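Notes follow once the structure below has been shown.
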There are 2 protein chains.
Amino acid sequence: MDLIEKMNWRYATKRMNGTKVSQEKLENILEAVRLAPTSFGLQPFKVIVVEDAKLRERIYNEACKQPQIMEGSHVLVFAARKNVDQQQVDEYVNLIAKTRGLQVESLNDFKAMFGGVVSRSEDKNFVWTARQAYIAFGVGIVAAAMENVDATPMEGFSPEAMDKILGLDEQNLSSVNVLVLGYRDAENDRLSKVKKVRKTKESLFDFR
Amino acid sequence: MDLIEKMNWRYATKRMNGTKVSQEKLENILEAVRLAPTSFGLQPFKVIVVEDAKLRERIYNEACKQPQIMEGSHVLVFAARKNVDQQQVDEYVNLIAKTRGLQVESLNDFKAMFGGVVSRSEDKNFVWTARQAYIAFGVGIVAAAMENVDATPMEGFSPEAMDKILGLDEQNLSSVNVLVLGYRDAENDRLSKVKKVRKTKESLFDFR
């Protein structure tokens with residue numbers, strides 16, 4: 001299928017050439033991220049989409065000294081909720097009711113399922129909300145490839161500095177990963193021509 | 001793009017009809033999972049692909065009482081490494097050298113980058129390896145949709161019971177999520193006809 005071809009085409013681009021990703025392609029990639037499934041459907045994260053050059057410069061200088069931050073087109077910062085409280089659950093249940101034309105009360109059993117989540121420690125919930133952000137991150141990586149847009153998934157940055165720059169603390173969010181969108185500078189990126197390294201099917205999968 | 005259409009088509013299928021997913025489609029979905037990017041490219045997880053009816057029955061009875069386990073075609077259990085040791089790093093660096101026709105010694109600087117990972121606590125590494133498994137999980141969800149195969153992403157199971165049934169402890173692995181592949185039983189699955197609920201673009205993204 002086409003997807004396999006695109007997954008083989010993509011790689012963690014180390015140098016980009018400054019070309020802008022079109023609004024249409026950006027919208028498609030973000031729409032795929034928006035549609036990504038999450039546990040209970042809660043989507044306990046935000047994605048900060050940074051295009052502004054000055055802001056990207058600050059991120060480069062203070063949080064993530066990798067050239068793609070400046071050479072890329074858009075920097076997507078996935079930030080997971082540090083807490084999950086009843087207000088978030090209520091808002092979500094209201095959204096379900098509104099979307100599906102239901103009485104909120106008819107969702108009381110569903111709402112009760114969040115009891116264990118809301119009462120969990122913040123640390124435990126952040127492990128969980130971060131995982132949900134990673135699902136959307138994986139979907140975003142595929143979506144970029146399907147649009148023939150290069151992307152660099154990154155964990156190598158300072159979340160503390162990133163959170164400060166983007167004012168995420170105040171929103172009870174913390175950055176967990178970054179996806180830079182742009183176009184490869186094939187000439188200057190030595191990784192653009194090397195073979196992809198992956199475990200064999202036999203070592204990654206266990207068929208029972 | 002086609003991907004958006006497929007992402008809208010898919011949903012967390014609650015009832016499946018027992019139809020088998022073809023070998024070709026299964027291989028394509030697994031190939032996409034194999035190609036998913038991970039931090040450093042380490043792929044610190046395994047995916048157990050369960051088709052055997054007796055084993056699925058045990059999973060259903062002891063680890064995950066959801067009908068898709070029996071009604072689905074294949075149950076994919078994503079299991080993350082509980083530890084990251086030098087042996088795993090060495091094996092990976094050897095794989096890079098072999099794939100790219102390099103001398104292992106030429107990768108010494110790259111190998112040294114794993115110092116911080118290998119010396120981290122097991123708890124911290126499991127948080128990290130699980131996140132890598134979630135990227136592959138997200139890719140698998142998209143890949144299934146692209147093949148018009150239904151899928152149920154699940155976190156609602158007992159990892160302890162699952163690990164015991166599949167003998168994952170002995171391999172230093174622990175199950176983090178499950179993706180059941182199969183085909184929807186639209187008649188008996190009330191969720192097959194309801195509207196998808198997702199946050200609006202405005203509330204999920206923050207444009208800067």
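Residue names in the structure tokens use chain letters A, B, ... in the order shown, residue numbers from 1 in each chain, and ligand numbers from 1 in the order shown.
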Name the residues of segment 109-190 of chain A that come out as strand (DSSP E or B) in a backbone DSSP run; write them as a PyMOL selection string.
chain A and resi 150-154+173-182+184
Write out as a ChimeraX atom specification the residues lying within 10 Å of Val142 of chain A, counting only C-alpha atoms and excluding same-chain residues fewer than 3 positions away.
/A:3-4,6-7,10,29,32-33,136-139,145-149,151 /B:3,32,36-37,138-140,142-143
9 Å contact set for segment 122-134 of chain A, only C-alpha atoms, chain neighbours under 2 positions out, as a ChimeraX atom specification:
/A:37-39,42-47,78-84,117-120,136-139,174-177 /B:127,130-135,137-138
Please, could you write that set of residues out with N, CA, C and O atoms as a compact mmCIF listing (two decimals), in the first residue's frame?
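Wrote result.txt, looks like this:
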# COMPACT_ATOMS: atom_id res chain seq x y z
N PRO A 37 -7.28 8.75 17.84
CA PRO A 37 -8.01 8.25 19.02
C PRO A 37 -7.18 8.41 20.29
O PRO A 37 -5.95 8.44 20.23
N THR A 38 -7.87 8.54 21.40
CA THR A 38 -7.22 8.60 22.72
C THR A 38 -8.10 7.82 23.69
O THR A 38 -9.27 7.54 23.40
N SER A 39 -7.54 7.49 24.83
CA SER A 39 -8.27 6.73 25.82
C SER A 39 -9.52 7.49 26.24
O SER A 39 -9.44 8.69 26.56
N LEU A 42 -10.68 11.34 25.38
CA LEU A 42 -10.54 12.58 26.17
C LEU A 42 -9.62 13.64 25.56
O LEU A 42 -9.76 14.82 25.85
N GLN A 43 -8.67 13.22 24.72
CA GLN A 43 -7.68 14.14 24.12
C GLN A 43 -7.06 15.07 25.17
O GLN A 43 -7.18 16.29 25.07
N PRO A 44 -6.35 14.48 26.16
CA PRO A 44 -5.84 15.32 27.26
C PRO A 44 -4.50 15.98 26.93
O PRO A 44 -3.50 15.78 27.62
N PHE A 45 -4.50 16.75 25.88
CA PHE A 45 -3.27 17.44 25.46
C PHE A 45 -3.63 18.60 24.53
O PHE A 45 -4.79 18.73 24.10
N LYS A 46 -2.62 19.42 24.27
CA LYS A 46 -2.75 20.48 23.26
C LYS A 46 -1.57 20.38 22.32
O LYS A 46 -0.53 19.81 22.67
N VAL A 47 -1.71 20.93 21.14
CA VAL A 47 -0.58 20.99 20.22
C VAL A 47 -0.35 22.47 19.88
O VAL A 47 -1.25 23.15 19.37
N PHE A 78 3.82 19.04 21.19
CA PHE A 78 2.74 18.29 21.83
C PHE A 78 2.90 18.44 23.35
O PHE A 78 3.95 18.09 23.90
N ALA A 79 1.87 18.94 23.99
CA ALA A 79 1.94 19.19 25.43
C ALA A 79 0.79 18.47 26.12
O ALA A 79 -0.38 18.70 25.83
N ALA A 80 1.16 17.59 27.05
CA ALA A 80 0.15 16.77 27.74
C ALA A 80 -0.31 17.46 29.02
O ALA A 80 0.44 18.21 29.65
N ARG A 81 -1.55 17.20 29.41
CA ARG A 81 -2.11 17.75 30.66
C ARG A 81 -1.38 17.15 31.86
O ARG A 81 -1.21 15.94 31.94
N LYS A 82 -1.02 18.01 32.79
CA LYS A 82 -0.36 17.52 33.99
C LYS A 82 -1.37 17.00 35.00
O LYS A 82 -1.04 16.27 35.90
N ASN A 83 -2.60 17.42 34.86
CA ASN A 83 -3.63 16.89 35.76
C ASN A 83 -4.89 16.57 34.94
O ASN A 83 -5.07 17.05 33.83
N VAL A 84 -5.70 15.71 35.50
CA VAL A 84 -7.02 15.47 34.89
C VAL A 84 -8.03 15.71 35.99
O VAL A 84 -8.04 14.99 36.99
N VAL A 117 -9.73 7.91 37.21
CA VAL A 117 -8.76 8.81 36.56
C VAL A 117 -8.62 10.10 37.37
O VAL A 117 -7.51 10.53 37.69
N VAL A 118 -9.75 10.69 37.71
CA VAL A 118 -9.73 11.98 38.41
C VAL A 118 -9.08 11.85 39.79
O VAL A 118 -8.41 12.78 40.24
N SER A 119 -9.23 10.68 40.43
CA SER A 119 -8.69 10.52 41.78
C SER A 119 -7.23 10.04 41.79
O SER A 119 -6.61 9.98 42.85
N ARG A 120 -6.70 9.73 40.62
CA ARG A 120 -5.29 9.27 40.54
C ARG A 120 -4.34 10.42 40.82
O ARG A 120 -4.70 11.58 40.65
N ALA A 136 -1.30 10.59 19.10
CA ALA A 136 -1.53 11.67 18.13
C ALA A 136 -0.24 12.03 17.40
O ALA A 136 -0.25 12.35 16.20
N PHE A 137 0.86 11.95 18.12
CA PHE A 137 2.18 12.19 17.55
C PHE A 137 2.47 11.17 16.43
O PHE A 137 2.87 11.54 15.32
N GLY A 138 2.22 9.89 16.72
CA GLY A 138 2.40 8.85 15.70
C GLY A 138 1.52 9.09 14.48
O GLY A 138 1.96 8.94 13.34
N VAL A 139 0.28 9.49 14.74
CA VAL A 139 -0.64 9.77 13.63
C VAL A 139 -0.12 10.96 12.82
O VAL A 139 -0.15 10.96 11.59
N SER A 174 2.48 20.20 29.92
CA SER A 174 3.94 20.10 29.81
C SER A 174 4.28 19.42 28.49
O SER A 174 3.66 18.43 28.09
N SER A 175 5.29 19.97 27.81
CA SER A 175 5.67 19.48 26.48
C SER A 175 6.28 18.09 26.59
O SER A 175 7.11 17.82 27.46
N VAL A 176 5.87 17.20 25.72
CA VAL A 176 6.41 15.83 25.74
C VAL A 176 7.17 15.48 24.46
O VAL A 176 8.07 14.64 24.48
N ASN A 177 6.81 16.07 23.35
CA ASN A 177 7.57 15.84 22.13
C ASN A 177 7.29 16.94 21.11
O ASN A 177 6.37 17.73 21.28
N VAL B 127 8.78 4.34 31.37
CA VAL B 127 7.95 5.46 30.92
C VAL B 127 8.33 5.79 29.47
O VAL B 127 7.47 6.01 28.61
N ALA B 130 7.61 2.81 26.88
CA ALA B 130 6.16 2.74 26.64
C ALA B 130 5.75 3.81 25.63
O ALA B 130 4.95 3.57 24.72
N ARG B 131 6.32 5.01 25.78
CA ARG B 131 5.99 6.09 24.83
C ARG B 131 6.39 5.70 23.40
O ARG B 131 5.67 6.02 22.45
N GLN B 132 7.51 5.02 23.27
CA GLN B 132 7.93 4.59 21.93
C GLN B 132 6.92 3.59 21.35
O GLN B 132 6.58 3.63 20.17
N ALA B 133 6.46 2.69 22.23
CA ALA B 133 5.46 1.72 21.78
C ALA B 133 4.18 2.43 21.35
O ALA B 133 3.50 2.00 20.41
N TYR B 134 3.86 3.54 22.01
CA TYR B 134 2.65 4.29 21.65
C TYR B 134 2.77 4.95 20.27
O TYR B 134 1.75 5.17 19.60
N ILE B 135 3.97 5.34 19.88
CA ILE B 135 4.13 5.89 18.52
C ILE B 135 3.75 4.80 17.51
O ILE B 135 2.97 5.03 16.59
N PHE B 137 1.96 2.24 18.02
CA PHE B 137 0.52 1.97 18.21
C PHE B 137 -0.29 2.95 17.34
O PHE B 137 -1.20 2.55 16.60
N GLY B 138 0.06 4.24 17.41
CA GLY B 138 -0.61 5.26 16.59
C GLY B 138 -0.47 4.96 15.10
O GLY B 138 -1.44 5.06 14.34
Test item: residues at most 12 Å from Gly115 of chain B, only C-alpha atoms, excluding those fewer than 6 positions along its chain, as a list in words:
Val84, Asp85, Gln86, Val89, Asp90, Asn108 and Asp109 of chain B
Smallest atom-to-atom distance to chain A: which of B:Gln171, B:Asn61, B:Asn8, B:Gln23, using only C-alpha atoms?
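With only C-alpha atoms as the atom set, the closest residue is B:Asn8.
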With distances taken over only C-alpha atoms, which of A:Ser203, A:Gln103, A:Ser121, A:Gln66 is nearest to chain B?
A:Ser203
With distances taken over only C-alpha atoms, which of B:Ala186, B:Val93, B:Ala53, B:Ile69 is nearest to Met113 of chain B?
B:Val93
